[in-house]
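*Asks:* Below is the file structure_4.cif, with mmCIF, N, CA and C atoms.
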data_data
#
loop_
_atom_site.label_atom_id
_atom_site.label_comp_id
_atom_site.auth_asym_id
_atom_site.auth_seq_id
_atom_site.Cartn_x
_atom_site.Cartn_y
_atom_site.Cartn_z
N MET A 1308 0.82 -1.19 0.00
CA MET A 1308 0.00 0.00 0.00
C MET A 1308 0.87 1.25 0.00
N PHE A 1309 1.97 1.18 0.74
CA PHE A 1309 2.84 2.35 0.78
C PHE A 1309 3.55 2.57 -0.55
N ARG A 1310 3.71 1.50 -1.33
CA ARG A 1310 4.31 1.65 -2.66
C ARG A 1310 3.38 2.49 -3.56
N ALA A 1311 2.08 2.26 -3.44
CA ALA A 1311 1.12 3.06 -4.21
C ALA A 1311 1.18 4.53 -3.81
N ILE A 1312 1.34 4.79 -2.54
CA ILE A 1312 1.43 6.17 -2.07
C ILE A 1312 2.72 6.82 -2.55
N LEU A 1313 3.79 6.05 -2.58
CA LEU A 1313 5.06 6.57 -3.10
C LEU A 1313 4.93 6.91 -4.58
N LEU A 1314 4.24 6.07 -5.33
CA LEU A 1314 4.00 6.38 -6.75
C LEU A 1314 3.12 7.61 -6.92
N GLN A 1315 2.13 7.77 -6.04
CA GLN A 1315 1.28 8.96 -6.09
C GLN A 1315 2.09 10.22 -5.79
N ALA A 1316 2.96 10.14 -4.81
CA ALA A 1316 3.81 11.29 -4.49
C ALA A 1316 4.75 11.60 -5.64
N GLY A 1317 5.28 10.57 -6.28
CA GLY A 1317 6.14 10.78 -7.45
C GLY A 1317 5.40 11.43 -8.60
N ALA A 1318 4.17 10.97 -8.85
CA ALA A 1318 3.35 11.57 -9.91
C ALA A 1318 3.03 13.02 -9.59
N THR A 1319 2.81 13.32 -8.32
CA THR A 1319 2.54 14.70 -7.90
C THR A 1319 3.76 15.58 -8.14
N ILE A 1320 4.93 15.08 -7.81
CA ILE A 1320 6.16 15.85 -8.01
C ILE A 1320 6.41 16.09 -9.50
N ILE A 1321 6.23 15.05 -10.31
CA ILE A 1321 6.43 15.20 -11.75
C ILE A 1321 5.43 16.18 -12.35
N SER A 1322 4.16 16.06 -11.95
CA SER A 1322 3.16 16.99 -12.49
C SER A 1322 3.44 18.42 -12.02
N THR A 1323 3.94 18.57 -10.81
CA THR A 1323 4.29 19.90 -10.31
C THR A 1323 5.41 20.51 -11.14
N LEU A 1324 6.42 19.71 -11.44
CA LEU A 1324 7.55 20.22 -12.23
C LEU A 1324 7.14 20.55 -13.66
N VAL A 1325 6.38 19.65 -14.28
CA VAL A 1325 5.98 19.86 -15.68
C VAL A 1325 5.03 21.05 -15.80
N LEU A 1326 4.03 21.11 -14.93
CA LEU A 1326 3.08 22.22 -15.01
C LEU A 1326 3.71 23.53 -14.57
N GLY A 1327 4.68 23.46 -13.69
CA GLY A 1327 5.43 24.66 -13.33
C GLY A 1327 6.21 25.20 -14.51
N TRP A 1328 6.70 24.29 -15.35
CA TRP A 1328 7.45 24.71 -16.52
C TRP A 1328 6.52 25.32 -17.57
N PHE A 1329 5.33 24.73 -17.75
CA PHE A 1329 4.40 25.23 -18.76
C PHE A 1329 3.58 26.43 -18.29
N VAL A 1330 3.10 26.39 -17.06
CA VAL A 1330 2.18 27.42 -16.58
C VAL A 1330 2.87 28.45 -15.69
N GLY A 1331 3.91 28.02 -14.99
CA GLY A 1331 4.60 28.92 -14.07
C GLY A 1331 4.36 28.51 -12.63
N THR A 1332 4.72 29.40 -11.74
CA THR A 1332 4.61 29.11 -10.31
C THR A 1332 3.18 28.82 -9.90
N ARG A 1333 2.26 29.54 -10.46
CA ARG A 1333 0.83 29.35 -10.16
C ARG A 1333 0.39 27.92 -10.50
N GLY A 1334 0.82 27.41 -11.65
CA GLY A 1334 0.47 26.06 -12.05
C GLY A 1334 1.16 25.01 -11.19
N ALA A 1335 2.40 25.28 -10.81
CA ALA A 1335 3.14 24.32 -9.98
C ALA A 1335 2.50 24.19 -8.60
N ILE A 1336 2.16 25.31 -8.01
CA ILE A 1336 1.53 25.26 -6.68
C ILE A 1336 0.17 24.61 -6.77
N SER A 1337 -0.59 24.92 -7.80
CA SER A 1337 -1.92 24.32 -7.96
C SER A 1337 -1.82 22.81 -8.15
N ALA A 1338 -0.87 22.34 -8.95
CA ALA A 1338 -0.70 20.91 -9.16
C ALA A 1338 -0.25 20.22 -7.87
N ALA A 1339 0.64 20.86 -7.14
CA ALA A 1339 1.11 20.29 -5.88
C ALA A 1339 -0.02 20.19 -4.86
N LEU A 1340 -0.86 21.20 -4.79
CA LEU A 1340 -1.98 21.17 -3.86
C LEU A 1340 -3.01 20.12 -4.26
N GLY A 1341 -3.26 19.97 -5.56
CA GLY A 1341 -4.18 18.94 -6.03
C GLY A 1341 -3.67 17.55 -5.72
N GLY A 1342 -2.39 17.32 -5.97
CA GLY A 1342 -1.81 16.02 -5.65
C GLY A 1342 -1.75 15.74 -4.16
N ALA A 1343 -1.43 16.78 -3.38
CA ALA A 1343 -1.35 16.61 -1.93
C ALA A 1343 -2.72 16.30 -1.33
N ALA A 1344 -3.77 16.83 -1.94
CA ALA A 1344 -5.13 16.53 -1.45
C ALA A 1344 -5.46 15.05 -1.61
N CYS A 1345 -4.75 14.36 -2.47
CA CYS A 1345 -4.94 12.92 -2.66
C CYS A 1345 -3.93 12.13 -1.83
N VAL A 1346 -2.68 12.54 -1.84
CA VAL A 1346 -1.61 11.76 -1.22
C VAL A 1346 -1.72 11.76 0.30
N LEU A 1347 -1.98 12.90 0.91
CA LEU A 1347 -2.02 12.98 2.37
C LEU A 1347 -3.11 12.10 2.99
N PRO A 1348 -4.37 12.16 2.54
CA PRO A 1348 -5.36 11.24 3.12
C PRO A 1348 -5.05 9.77 2.85
N ASN A 1349 -4.47 9.46 1.68
CA ASN A 1349 -4.11 8.07 1.39
C ASN A 1349 -3.01 7.57 2.32
N PHE A 1350 -2.04 8.43 2.62
CA PHE A 1350 -0.97 8.05 3.54
C PHE A 1350 -1.52 7.79 4.94
N LEU A 1351 -2.38 8.68 5.40
CA LEU A 1351 -2.97 8.50 6.74
C LEU A 1351 -3.84 7.24 6.80
N PHE A 1352 -4.55 6.94 5.72
CA PHE A 1352 -5.37 5.74 5.64
C PHE A 1352 -4.49 4.48 5.69
N ALA A 1353 -3.41 4.47 4.95
CA ALA A 1353 -2.50 3.31 4.95
C ALA A 1353 -1.85 3.13 6.32
N LEU A 1354 -1.50 4.23 6.95
CA LEU A 1354 -0.91 4.17 8.29
C LEU A 1354 -1.91 3.60 9.29
N ARG A 1355 -3.15 4.04 9.19
CA ARG A 1355 -4.21 3.52 10.08
C ARG A 1355 -4.43 2.03 9.87
N LEU A 1356 -4.45 1.57 8.61
CA LEU A 1356 -4.63 0.14 8.35
C LEU A 1356 -3.45 -0.67 8.86
N LYS A 1357 -2.26 -0.15 8.74
CA LYS A 1357 -1.08 -0.87 9.23
C LYS A 1357 -1.13 -1.01 10.75
N LEU A 1358 -1.54 0.04 11.42
CA LEU A 1358 -1.65 -0.03 12.87
C LEU A 1358 -2.79 -0.95 13.30
N ALA A 1359 -3.90 -0.94 12.58
CA ALA A 1359 -5.03 -1.80 12.91
C ALA A 1359 -4.69 -3.27 12.67
N ALA A 1360 -3.90 -3.56 11.65
CA ALA A 1360 -3.53 -4.94 11.36
C ALA A 1360 -2.61 -5.52 12.42
N SER A 1361 -1.83 -4.67 13.07
CA SER A 1361 -0.90 -5.17 14.08
C SER A 1361 -1.54 -5.33 15.45
N ARG A 1362 -2.75 -4.79 15.63
CA ARG A 1362 -3.45 -4.93 16.92
C ARG A 1362 -4.25 -6.23 16.93
N PRO A 1363 -4.07 -7.03 17.96
CA PRO A 1363 -4.88 -8.26 18.04
C PRO A 1363 -6.32 -7.92 18.42
N GLY A 1364 -7.25 -8.59 17.77
CA GLY A 1364 -8.66 -8.41 18.08
C GLY A 1364 -9.31 -7.23 17.39
N ALA A 1365 -8.59 -6.50 16.58
CA ALA A 1365 -9.18 -5.35 15.88
C ALA A 1365 -9.96 -5.84 14.67
N SER A 1366 -11.07 -5.20 14.41
CA SER A 1366 -11.89 -5.56 13.26
C SER A 1366 -11.31 -4.88 12.02
N TYR A 1367 -10.60 -5.66 11.21
CA TYR A 1367 -9.96 -5.09 10.03
C TYR A 1367 -10.98 -4.57 9.01
N PRO A 1368 -12.06 -5.31 8.69
CA PRO A 1368 -13.03 -4.77 7.72
C PRO A 1368 -13.68 -3.47 8.20
N ALA A 1369 -14.00 -3.38 9.48
CA ALA A 1369 -14.60 -2.14 10.00
C ALA A 1369 -13.61 -0.99 9.90
N ASN A 1370 -12.36 -1.24 10.23
CA ASN A 1370 -11.33 -0.20 10.11
C ASN A 1370 -11.15 0.22 8.66
N PHE A 1371 -11.21 -0.74 7.76
CA PHE A 1371 -11.04 -0.43 6.35
C PHE A 1371 -12.15 0.49 5.84
N PHE A 1372 -13.40 0.11 6.09
CA PHE A 1372 -14.52 0.90 5.56
C PHE A 1372 -14.64 2.26 6.24
N LEU A 1373 -14.40 2.32 7.53
CA LEU A 1373 -14.42 3.61 8.22
C LEU A 1373 -13.27 4.48 7.72
N GLY A 1374 -12.09 3.89 7.57
CA GLY A 1374 -10.94 4.64 7.06
C GLY A 1374 -11.14 5.12 5.64
N GLU A 1375 -11.76 4.30 4.81
CA GLU A 1375 -12.02 4.70 3.42
C GLU A 1375 -13.00 5.87 3.37
N PHE A 1376 -14.02 5.84 4.21
CA PHE A 1376 -14.97 6.94 4.27
C PHE A 1376 -14.28 8.22 4.73
N VAL A 1377 -13.47 8.12 5.77
CA VAL A 1377 -12.75 9.31 6.28
C VAL A 1377 -11.79 9.83 5.22
N LYS A 1378 -11.15 8.93 4.48
CA LYS A 1378 -10.22 9.33 3.42
C LYS A 1378 -10.93 10.12 2.33
N ILE A 1379 -12.08 9.67 1.91
CA ILE A 1379 -12.84 10.38 0.86
C ILE A 1379 -13.29 11.74 1.36
N VAL A 1380 -13.81 11.79 2.58
CA VAL A 1380 -14.25 13.06 3.15
C VAL A 1380 -13.07 14.02 3.30
N ALA A 1381 -11.91 13.51 3.73
CA ALA A 1381 -10.73 14.36 3.89
C ALA A 1381 -10.25 14.88 2.54
N THR A 1382 -10.27 14.05 1.51
CA THR A 1382 -9.85 14.49 0.17
C THR A 1382 -10.76 15.61 -0.34
N VAL A 1383 -12.06 15.40 -0.23
CA VAL A 1383 -13.01 16.43 -0.68
C VAL A 1383 -12.86 17.69 0.17
N GLY A 1384 -12.68 17.53 1.47
CA GLY A 1384 -12.48 18.68 2.34
C GLY A 1384 -11.23 19.47 2.01
N LEU A 1385 -10.14 18.77 1.71
CA LEU A 1385 -8.91 19.46 1.32
C LEU A 1385 -9.08 20.19 0.00
N LEU A 1386 -9.78 19.59 -0.94
CA LEU A 1386 -10.01 20.26 -2.22
C LEU A 1386 -10.87 21.51 -2.05
N VAL A 1387 -11.89 21.44 -1.22
CA VAL A 1387 -12.72 22.61 -0.95
C VAL A 1387 -11.90 23.69 -0.25
N PHE A 1388 -11.06 23.27 0.70
CA PHE A 1388 -10.20 24.23 1.41
C PHE A 1388 -9.24 24.93 0.45
N VAL A 1389 -8.62 24.15 -0.43
CA VAL A 1389 -7.70 24.73 -1.41
C VAL A 1389 -8.44 25.70 -2.33
N ALA A 1390 -9.61 25.32 -2.79
CA ALA A 1390 -10.38 26.18 -3.71
C ALA A 1390 -10.78 27.48 -3.04
N LYS A 1391 -11.08 27.44 -1.76
CA LYS A 1391 -11.52 28.65 -1.07
C LYS A 1391 -10.35 29.52 -0.63
N GLU A 1392 -9.25 28.91 -0.20
CA GLU A 1392 -8.17 29.68 0.42
C GLU A 1392 -7.08 30.13 -0.55
N TYR A 1393 -6.82 29.36 -1.59
CA TYR A 1393 -5.77 29.74 -2.54
C TYR A 1393 -6.44 30.49 -3.69
N THR A 1394 -6.39 31.81 -3.60
CA THR A 1394 -7.13 32.65 -4.55
C THR A 1394 -6.52 32.63 -5.95
N ASP A 1395 -5.25 32.28 -6.08
CA ASP A 1395 -4.59 32.27 -7.38
C ASP A 1395 -4.57 30.87 -8.00
N LEU A 1396 -5.54 30.05 -7.64
CA LEU A 1396 -5.60 28.67 -8.08
C LEU A 1396 -5.77 28.58 -9.59
N HIS A 1397 -4.95 27.75 -10.22
CA HIS A 1397 -5.08 27.45 -11.65
C HIS A 1397 -5.77 26.09 -11.73
N TRP A 1398 -7.08 26.12 -12.02
CA TRP A 1398 -7.92 24.93 -11.95
C TRP A 1398 -7.42 23.78 -12.84
N PRO A 1399 -7.06 24.02 -14.09
CA PRO A 1399 -6.58 22.88 -14.89
C PRO A 1399 -5.35 22.19 -14.28
N SER A 1400 -4.43 22.98 -13.75
CA SER A 1400 -3.24 22.38 -13.13
C SER A 1400 -3.59 21.60 -11.88
N MET A 1401 -4.49 22.13 -11.08
CA MET A 1401 -4.90 21.42 -9.87
C MET A 1401 -5.59 20.11 -10.22
N LEU A 1402 -6.45 20.13 -11.22
CA LEU A 1402 -7.15 18.91 -11.62
C LEU A 1402 -6.21 17.89 -12.25
N ILE A 1403 -5.21 18.35 -13.00
CA ILE A 1403 -4.23 17.43 -13.57
C ILE A 1403 -3.40 16.80 -12.46
N GLY A 1404 -2.94 17.61 -11.50
CA GLY A 1404 -2.19 17.07 -10.37
C GLY A 1404 -2.99 16.06 -9.57
N LEU A 1405 -4.25 16.36 -9.34
CA LEU A 1405 -5.14 15.45 -8.62
C LEU A 1405 -5.37 14.17 -9.42
N GLY A 1406 -5.67 14.32 -10.71
CA GLY A 1406 -5.93 13.15 -11.54
C GLY A 1406 -4.74 12.22 -11.66
N LEU A 1407 -3.56 12.79 -11.85
CA LEU A 1407 -2.36 11.94 -11.95
C LEU A 1407 -2.06 11.24 -10.63
N ALA A 1408 -2.26 11.93 -9.52
CA ALA A 1408 -2.03 11.29 -8.23
C ALA A 1408 -3.04 10.17 -7.99
N LEU A 1409 -4.28 10.38 -8.37
CA LEU A 1409 -5.29 9.34 -8.19
C LEU A 1409 -4.99 8.12 -9.05
N GLN A 1410 -4.53 8.33 -10.27
CA GLN A 1410 -4.29 7.21 -11.18
C GLN A 1410 -2.95 6.52 -10.95
N ALA A 1411 -2.01 7.20 -10.34
CA ALA A 1411 -0.68 6.61 -10.13
C ALA A 1411 -0.73 5.42 -9.19
N GLY A 1412 -1.69 5.37 -8.30
CA GLY A 1412 -1.79 4.24 -7.39
C GLY A 1412 -2.03 2.93 -8.11
N PHE A 1413 -2.65 2.99 -9.28
CA PHE A 1413 -2.91 1.76 -10.03
C PHE A 1413 -1.62 1.16 -10.60
N LEU A 1414 -0.58 1.97 -10.74
CA LEU A 1414 0.70 1.44 -11.22
C LEU A 1414 1.32 0.46 -10.23
N ALA A 1415 1.00 0.59 -8.96
CA ALA A 1415 1.55 -0.30 -7.95
C ALA A 1415 1.09 -1.74 -8.16
N PHE A 1416 -0.08 -1.92 -8.74
CA PHE A 1416 -0.59 -3.27 -8.97
C PHE A 1416 -0.07 -3.87 -10.27
N TRP A 1417 0.51 -3.03 -11.10
CA TRP A 1417 1.01 -3.47 -12.39
C TRP A 1417 2.25 -4.33 -12.23
N LYS A 1418 3.14 -3.89 -11.35
CA LYS A 1418 4.40 -4.63 -11.13
C LYS A 1418 4.33 -5.32 -9.79
N LYS A 1419 4.51 -6.62 -9.81
CA LYS A 1419 4.52 -7.39 -8.56
C LYS A 1419 5.95 -7.73 -8.20
N SER A 1420 6.33 -7.31 -7.00
CA SER A 1420 7.66 -7.70 -6.50
C SER A 1420 7.74 -7.52 -5.01
#
Would you mind writing the file's structure down as C-alpha cells?

*Replies:*
Amino acid sequence: MFRAILLQAGATIISTLVLGWFVGTRGAISAALGGAACVLPNFLFALRLKLAASRPGASYPANFFLGEFVKIVATVGLLVFVAKEYTDLHWPSMLIGLGLALQAGFLAFWKKS
C-alpha cells in the first residue's frame, strides 16, 4: 500500500515540475496542492490500516470501511479548502495534479515484487 502512495507522491512531483514549466509558479503550486489533497489522506489511511492490522482483536473490515470513508471526506475537504483559500488557483493544473495522483496508485498493482 505504501508503494502506491510513493507512486502517487512521485506523480505529484512530476506533475508539479511539468506544469510549473508550462504554466509557471501558479500552475506548480496548484498541481502540488491537487496532488497533496490525494496523497495525504491516502498516507494516513495506509498508516491507520497498518496499525489496525498489528493490533490483536481489531476488526480489520470495520477499520477499512471507516478509514475509506474518512479518506474520501478528507480528500473532498482538502479540495474545498484549497479552492476557497488559494485565490490564485489554476484549476486545470490542480485537476491534472489530482488526476495523476489518483491514477498513479494503479501502477503499484502493475508490477509485482

*Asks:* What's the separation between CA of Leu1386 in chain A and CA of Leu1324 in chain A, in Å to one decimal place?

*Replies:*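 Here the two named atoms are 20.2 Å from each other.
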
*Asks:* Would you list the contacts of Gly1342 in chain A as JSON, numbers by chain, taking every protein, DNA or RNA residue within 7 Å and counting all atoms listed in the file, but skipping same-chain residues closer than 3 positions in sequence?

*Replies:* {"A": [1315, 1318, 1319, 1337, 1338, 1339, 1345, 1346, 1347, 1401, 1403, 1404, 1405, 1406, 1407, 1408, 1409]}

*Asks:* Smallest atom-to-atom distance to Asn1349 in chain A: which of A:Val1389, A:Ile1336, A:Ile1321, A:Ala1381, using only C-alpha atoms?

*Replies:*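 Among the listed residues, the smallest separation from Asn1349 in chain A belongs to A:Ala1381.
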
*Asks:* Using only C-alpha atoms, determine which residues lie at most 9 Å from Leu1356 in chain A, disregarding the query and same-chain residues fewer than 5 positions distant; provide the list as a list of chain:residue names.

*Replies:*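 So, after excluding close chain neighbours, the residues are A:Leu1351, A:Ser1361, A:Tyr1367, A:Asn1370, A:Phe1371, A:Gly1374.
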
*Asks:* Between CA of Ile1320 in chain A and CA of His1397 in chain A, what is the spacing in Å?

*Replies:*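 Computing the Euclidean distance for CA of His1397 in chain A and CA of Ile1320 in chain A yields 16.6 Å.
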
*Asks:* Between atom C of Phe1352 in chain A and CA of Pro1399 in chain A, what is the spacing in Å?

*Replies:* 27.7 Å

*Asks:* Rank nothing, just name the residue among A:Ile1379, A:Val1325, A:Leu1414, A:Leu1402 nearest to Leu1340 in chain A, using only C-alpha atoms.

*Replies:*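 Closest to Leu1340 in chain A of all the choices is A:Leu1402.
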
*Asks:* To box range 1322-1335 of chain A, take all atoms listed in the file, fit an axis-aligned box, add 3 Å on each side, and give centre and edge lengths in Å to one decimal, as lines of an AutoDock Vina configuration file.

*Replies:*
center_x = 4.0
center_y = 22.8
center_z = -13.7
size_x = 13.2
size_y = 19.5
size_z = 16.2

*Asks:* Using all atoms listed in the file for the distances, tell me which of A:Leu1326, A:Arg1362, A:Phe1350, A:Trp1398 is nearest to Ile1312 in chain A.

*Replies:*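 Closest candidate: A:Phe1350.
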
*Asks:* Could you tell me, as a count of residues only, which residues of range 1379-1420 of chain A DSSP assigns to alpha helix (DSSP H) when given the backbone?

*Replies:* 32
